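Working notes, structure below.
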Amino acid sequence: MPLRNLGGCISPDNSWIFLQGLESLHVRMQRHCENAAKVADYLASSKRVSWVKYPGLDTHPTHDNAKKYLKNGYGAVVVFGIKGGRKAGEKFINSLRLFSHLANVGDAKSLALHPASTSHSQLSEKQLLEGGITPDLGKTLNRAREHRRHTR
């Protein structure tokens, strides 16, 4: 079996570091969820955003199920459409100051991604659409450790 299928064998030191992160995961996820909900609310009211998908919003198609099953928060990922399409998405990514331009979900940083111009830029327009990636899609925007007073 290739390494790609099985993964590497983690060293004792890396295992210890990994366990240190797991000990505070519940606190970090609570903050992720709280902050993502605030970001979703903000984006939903923004004139620069055409749509927002976040299960914590009343307008999300699976909100009732999310409310029923996700008792400790609705997750840290907010997906949204940037008015102006791909060009506006590129401008958005290149204008970030507080958020890091990364795709590491669950990181200790605030992250944002415009897949059409970054992580999936090698795909054709047709392939992007087949994969559900529209030109206006801003993805994986999650707020990590920032306290509410730093989020506006």
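Following the order of the structure tokens, chains are lettered A, B, ..., residues in each are numbered from 1, and ligands are numbered from 1.
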Region 13-107 of chain A: which residues are helix (DSSP H, G or I) by DSSP, as an MDAnalysis selection string? chainID A and resid 13:23 25:44 63:69 85:94
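Going from CA of Pro115 (chain A) over to CA of Gly84 (chain A), you cover 15.0 Å.
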All residues 8 Å or closer to region 86-89 of chain A, only C-alpha atoms, same chain fewer than 6 positions away omitted, as a list in words: His114, Ala116, Ser117, Pro135, Asp136, Leu137 and Gly138 of chain A
Dump N, CA and C atoms for the selected residues as a short mmCIF file (atom, residue, chain, number, x, y, z; two decimals), in the first residue's frame?
data_model
loop_
_atom_site.label_atom_id
_atom_site.label_comp_id
_atom_site.auth_asym_id
_atom_site.auth_seq_id
_atom_site.Cartn_x
_atom_site.Cartn_y
_atom_site.Cartn_z
N HIS A 114 -10.64 31.67 -1.86
CA HIS A 114 -11.45 31.83 -3.06
C HIS A 114 -10.99 30.73 -4.01
N ALA A 116 -11.82 29.34 -6.86
CA ALA A 116 -11.72 29.49 -8.32
C ALA A 116 -10.41 30.15 -8.73
N SER A 117 -9.86 31.03 -7.90
CA SER A 117 -8.62 31.72 -8.27
C SER A 117 -7.41 31.22 -7.51
N PRO A 135 -17.83 30.87 -9.69
CA PRO A 135 -16.81 31.93 -9.68
C PRO A 135 -16.90 32.87 -8.49
N ASP A 136 -18.09 33.01 -7.90
CA ASP A 136 -18.28 33.94 -6.78
C ASP A 136 -18.05 33.31 -5.41
N LEU A 137 -17.73 32.03 -5.37
CA LEU A 137 -17.64 31.28 -4.11
C LEU A 137 -16.45 31.69 -3.26
N GLY A 138 -16.75 32.20 -2.08
CA GLY A 138 -15.74 32.42 -1.05
C GLY A 138 -15.93 31.30 -0.05
#
Which residues in region 37-92 of chain A does DSSP call strand (DSSP E or B)? List them as JSON, numbers by chain. {"A": [49, 50, 51, 52, 53, 78, 79, 80, 81, 82]}
Please identify every residue of region 16-37 of chain A that has at least one atom no farther than 10 Å from an atom of region 49-70 of chain A, counting only C-alpha atoms, and for each give the shortest atom pair and the distance in Å to one decimal, arranged by chain then increasing number, as a tab-separated table.
residue	atom	partner	partner_atom	distance
A:Cys33	CA	A:Gly56	CA	9.3
A:Ala36	CA	A:Tyr54	CA	8.6
A:Ala37	CA	A:Gly56	CA	6.6
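The shortest atom-to-atom distance to Ala76 (chain A), with only C-alpha atoms taken into account, belongs to A:Asn35 out of A:Asn35, A:Gln127, A:Thr118, A:Asn14.
Using only C-alpha atoms, the nearest neighbour of Gly75 (chain A) within the list A:Val39, A:Cys9, A:Leu22, A:Ile133 is A:Val39.
Of the listed residues A:Asp13, A:Glu34, A:Glu23, A:Asp41, the one whose atoms come nearest to Asn72 (chain A) is A:Glu34, with distances taken using only C-alpha atoms.
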